[in-house]
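One structure below.
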There are 2 protein chains.
Amino acid sequence: MTALEMQTRHGEVCPLDTTLKILVGKWKSIILCRLTAGELRFTELLNTLPGCTRRMLALQLQELSQDQIIIKTVDLTASPIKTSYRLTALGTSLIPIIQAMDAWGATYIKTLSSN
Amino acid sequence: MTALEMQTRHGEVCPLDTTLKILVGKWKSIILCRLTAGELRFTELLNTLPGCTRRMLALQLQELSQDQIIIKTVDLTASPIKTSYRLTALGTSLIPIIQAMDAWGATYIKTLSSN
DNA sequence: CGGAATCCAGTGGGATACTG
DNA sequence: CAGTATCCCACTGGATTCCG
């Protein structure tokens, strides 16, 4: 089920929650950070995520795809088959927010660390 | 445990994840929306959150307090005792991000609904 | 009034193994 | 190479009850 379906199914829809549901997941935020730089292959992505298993990466990519934040393209002419992932227009429109949250988090960490 | 402790405990710290951990919780985003308008009492807050139990509200407020996003003040001279919650400076600095995410979510919902 | 304690169900995510 | 399938555990959040 997509994040939007999860929301609309139960009464009230808070747009803020919709956005949060899309971003939340063990590896989603960092995947989004990576894809901000451009298209990546499954294994390339995996290699930039130490500690992430293929299963988890596949799951998180699947959810982001269903929410139309990223898109997957498969090159069948290649051998072995190559699959690539990149941000959609919707995903790209999230970048400023991601950057703002990343910056806020960095400030937050510095503030609380200096106590 | 605070969101920051959760992060720093396990190796890598992604500031974006720190921010997300703070915002995620069944009622946190909507609580933050409410407190943006100003200070509120426990019961006042509860009344604006249909479906939220006292236990859940108390839990979410506790976590937000530990993360220093909101602050709780208790008026012992009143009878019955009154407790109020309001945003801290850190919490206030989150408002633009919250508004941006809310706006993005609204656009997202409209975009996907018109398919 | 504003919680805390206890119990319980659903789910996110880890380990491992298998596949087109 | 790029995934699925299974099993399992820990944690989030719900229901209910009790307390200062």
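Within each chain, counting starts at residue 1; across the structure tokens, chains are named A, B, ... in the order shown, with ligands numbered 1 upward in that order.
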Problem - Non-local contacts of D:DT17 (12 Å; only C-alpha atoms (C1' of nucleotides); under 2 positions in same chain excluded) as a ChimeraX atom specification - result: /B:55 /C:4-7 /D:15,19
How would the residues just chosen look if you wrote them out with C-alpha atoms (C1' of nucleotides) as an mmCIF file, in the first residue's frame?
```cif
data_model
loop_
_atom_site.group_PDB
_atom_site.id
_atom_site.type_symbol
_atom_site.label_atom_id
_atom_site.label_comp_id
_atom_site.auth_asym_id
_atom_site.auth_seq_id
_atom_site.Cartn_x
_atom_site.Cartn_y
_atom_site.Cartn_z
ATOM 1 C CA ARG B 55 -1.842 7.853 27.529
ATOM 2 C "C1'" DA C 4 1.848 6.147 35.143
ATOM 3 C "C1'" DA C 5 1.584 0.889 35.095
ATOM 4 C "C1'" DT C 6 0.305 -3.201 32.862
ATOM 5 C "C1'" DC C 7 -0.973 -6.136 29.173
ATOM 6 C "C1'" DA D 15 -7.144 -0.692 25.823
ATOM 7 C "C1'" DC D 19 -2.884 7.153 41.269
#
```
Considering only C-alpha atoms (C1' of nucleotides), tabulate each residue of chain D that lies at most 10 Å from chain B along with its nearest interatomic pair and the corresponding distance in Å to one decimal; arrange the rows by chain and ascending residue number and present them as CSV.
```
residue,atom,partner,partner_atom,distance
D:DT12,C1',B:Gly25,CA,8.6
D:DG13,C1',B:Met56,CA,7.8
D:DG14,C1',B:Met56,CA,8.8
D:DA15,C1',B:Thr53,CA,9.7
```
Practice task
Tell me the residues of chain C close to chain A, meaning within 12 Å using only C-alpha atoms (C1' of nucleotides), as a ChimeraX atom specification.
Solution key: /C:12-17,20
Serialized selection, all heavy atoms, as a tab-separated table (two decimals), in the first residue's frame:
```tsv
chain	number	residue	atom	x	y	z
C	12	DG	P	4.96	-1.67	8.79
C	12	DG	OP1	4.16	-0.46	8.53
C	12	DG	OP2	4.99	-2.77	7.79
C	12	DG	O5'	6.46	-1.21	9.09
C	12	DG	C5'	6.70	-0.42	10.25
C	12	DG	C4'	8.10	-0.66	10.75
C	12	DG	O4'	8.19	-1.90	11.48
C	12	DG	C3'	9.15	-0.74	9.66
C	12	DG	O3'	10.34	-0.11	10.13
C	12	DG	C2'	9.35	-2.24	9.45
C	12	DG	C1'	9.10	-2.80	10.85
C	12	DG	N9	8.49	-4.12	10.88
C	12	DG	C8	7.47	-4.57	10.10
C	12	DG	N7	7.13	-5.81	10.37
C	12	DG	C5	7.98	-6.19	11.39
C	12	DG	C6	8.08	-7.42	12.09
C	12	DG	O6	7.42	-8.44	11.94
C	12	DG	N1	9.08	-7.38	13.05
C	12	DG	C2	9.89	-6.29	13.31
C	12	DG	N2	10.79	-6.44	14.27
C	12	DG	N3	9.80	-5.14	12.66
C	12	DG	C4	8.83	-5.16	11.71
C	13	DG	P	11.49	0.21	9.11
C	13	DG	OP1	12.10	1.49	9.53
C	13	DG	OP2	10.95	0.07	7.74
C	13	DG	O5'	12.55	-0.94	9.38
C	13	DG	C5'	13.06	-1.12	10.70
C	13	DG	C4'	13.63	-2.51	10.85
C	13	DG	O4'	12.59	-3.49	10.77
C	13	DG	C3'	14.67	-2.93	9.78
C	13	DG	O3'	15.81	-3.41	10.46
C	13	DG	C2'	13.96	-4.06	9.03
C	13	DG	C1'	13.13	-4.64	10.16
C	13	DG	N9	12.07	-5.55	9.76
C	13	DG	C8	11.15	-5.38	8.77
C	13	DG	N7	10.34	-6.40	8.64
C	13	DG	C5	10.76	-7.29	9.61
C	13	DG	C6	10.26	-8.57	9.95
C	13	DG	O6	9.33	-9.20	9.44
C	13	DG	N1	10.98	-9.14	11.01
C	13	DG	C2	12.04	-8.55	11.65
C	13	DG	N2	12.60	-9.24	12.64
C	13	DG	N3	12.51	-7.35	11.34
C	13	DG	C4	11.82	-6.78	10.32
C	14	DG	P	17.23	-3.43	9.74
C	14	DG	OP1	18.06	-2.35	10.27
C	14	DG	OP2	16.98	-3.53	8.29
C	14	DG	O5'	17.84	-4.82	10.24
C	14	DG	C5'	18.06	-5.04	11.64
C	14	DG	C4'	18.25	-6.53	11.90
C	14	DG	O4'	16.99	-7.22	11.70
C	14	DG	C3'	19.26	-7.21	10.97
C	14	DG	O3'	20.16	-8.02	11.74
C	14	DG	C2'	18.42	-8.06	10.04
C	14	DG	C1'	17.18	-8.37	10.89
C	14	DG	N9	15.99	-8.57	10.07
C	14	DG	C8	15.40	-7.64	9.25
C	14	DG	N7	14.34	-8.11	8.64
C	14	DG	C5	14.23	-9.42	9.08
C	14	DG	C6	13.28	-10.42	8.76
C	14	DG	O6	12.32	-10.35	7.99
C	14	DG	N1	13.54	-11.61	9.44
C	14	DG	C2	14.58	-11.81	10.32
C	14	DG	N2	14.67	-13.01	10.87
C	14	DG	N3	15.47	-10.88	10.63
C	14	DG	C4	15.24	-9.72	9.97
C	15	DA	P	21.40	-8.69	11.00
C	15	DA	OP1	22.52	-8.67	11.97
C	15	DA	OP2	21.56	-8.07	9.67
C	15	DA	O5'	20.96	-10.21	10.79
C	15	DA	C5'	20.33	-10.94	11.84
C	15	DA	C4'	20.26	-12.42	11.49
C	15	DA	O4'	19.02	-12.71	10.82
C	15	DA	C3'	21.36	-12.90	10.53
C	15	DA	O3'	21.77	-14.22	10.91
C	15	DA	C2'	20.69	-12.87	9.17
C	15	DA	C1'	19.24	-13.18	9.51
C	15	DA	N9	18.28	-12.53	8.62
C	15	DA	C8	18.33	-11.24	8.15
C	15	DA	N7	17.32	-10.91	7.38
C	15	DA	C5	16.55	-12.05	7.33
C	15	DA	C6	15.34	-12.36	6.68
C	15	DA	N6	14.68	-11.48	5.93
C	15	DA	N1	14.83	-13.59	6.84
C	15	DA	C2	15.51	-14.47	7.60
C	15	DA	N3	16.64	-14.31	8.26
C	15	DA	C4	17.13	-13.06	8.09
C	16	DT	P	22.97	-14.91	10.14
C	16	DT	OP1	23.64	-15.79	11.13
C	16	DT	OP2	23.75	-13.89	9.41
C	16	DT	O5'	22.22	-15.83	9.08
C	16	DT	C5'	21.07	-16.58	9.48
C	16	DT	C4'	20.38	-17.16	8.26
C	16	DT	O4'	19.51	-16.16	7.67
C	16	DT	C3'	21.32	-17.63	7.15
C	16	DT	O3'	21.20	-19.05	6.99
C	16	DT	C2'	20.82	-16.88	5.89
C	16	DT	C1'	19.40	-16.47	6.30
C	16	DT	N1	18.88	-15.29	5.61
C	16	DT	C2	17.66	-15.38	4.97
C	16	DT	O2	16.99	-16.39	4.96
C	16	DT	N3	17.26	-14.24	4.34
C	16	DT	C4	17.94	-13.03	4.28
C	16	DT	O4	17.47	-12.08	3.67
C	16	DT	C5	19.21	-13.01	4.96
C	16	DT	C7	20.02	-11.76	4.95
C	16	DT	C6	19.62	-14.13	5.59
C	17	DA	P	22.15	-19.84	5.92
C	17	DA	OP1	22.61	-21.08	6.58
C	17	DA	OP2	23.15	-18.89	5.36
C	17	DA	O5'	21.12	-20.21	4.79
C	17	DA	C5'	19.78	-20.57	5.14
C	17	DA	C4'	18.91	-20.54	3.89
C	17	DA	O4'	18.51	-19.18	3.59
C	17	DA	C3'	19.59	-21.08	2.62
C	17	DA	O3'	18.74	-22.03	1.99
C	17	DA	C2'	19.79	-19.85	1.75
C	17	DA	C1'	18.62	-18.97	2.20
C	17	DA	N9	18.85	-17.55	1.98
C	17	DA	C8	19.92	-16.79	2.36
C	17	DA	N7	19.86	-15.53	2.00
C	17	DA	C5	18.64	-15.45	1.34
C	17	DA	C6	17.98	-14.38	0.72
C	17	DA	N6	18.47	-13.14	0.66
C	17	DA	N1	16.78	-14.65	0.15
C	17	DA	C2	16.29	-15.89	0.20
C	17	DA	N3	16.82	-16.97	0.75
C	17	DA	C4	18.01	-16.67	1.32
C	20	DG	P	13.53	-19.75	-10.68
C	20	DG	OP1	12.22	-20.31	-10.32
C	20	DG	OP2	14.62	-20.62	-11.13
C	20	DG	O5'	13.29	-18.60	-11.78
C	20	DG	C5'	12.62	-17.39	-11.44
C	20	DG	C4'	13.13	-16.25	-12.32
C	20	DG	O4'	14.37	-15.74	-11.77
C	20	DG	C3'	13.46	-16.66	-13.75
C	20	DG	O3'	13.22	-15.56	-14.62
C	20	DG	C2'	14.96	-16.96	-13.69
C	20	DG	C1'	15.42	-15.88	-12.71
C	20	DG	N9	16.63	-16.17	-11.96
C	20	DG	C8	17.02	-17.36	-11.39
C	20	DG	N7	18.16	-17.29	-10.75
C	20	DG	C5	18.55	-15.96	-10.93
C	20	DG	C6	19.70	-15.28	-10.46
C	20	DG	O6	20.63	-15.73	-9.79
C	20	DG	N1	19.70	-13.95	-10.86
C	20	DG	C2	18.71	-13.35	-11.60
C	20	DG	N2	18.87	-12.07	-11.89
C	20	DG	N3	17.63	-13.98	-12.04
C	20	DG	C4	17.62	-15.27	-11.66
```
Exercise for the section: For chain B, list the residues within 6 Å of chain A, counting only C-alpha atoms, and write the list as a list in words. Expected result: Pro15, Leu16, Thr18, Thr19, Met101, Asp102, Gly105 and Ala106 of chain B
Exercise for the section: Please identify which residues in stretch 5-103 of chain B DSSP calls helix (DSSP H, G or I) from the backbone, and express them as a PyMOL selection string. Expected result: chain B and resi 5-9+15-23+28-36+42-47+54-66+89-92+95-103
Exercise for the section: Write out as a VMD selection string all residues of stretch 17-100 of chain B that DSSP puts in strand (DSSP E) for this structure's backbone. Expected result: chain B and resid 40 to 41 70 to 75 82 to 87
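Across the structure, atom CA of B:Ser65 and atom C1' of D:DT16 are spaced 25.7 Å apart.
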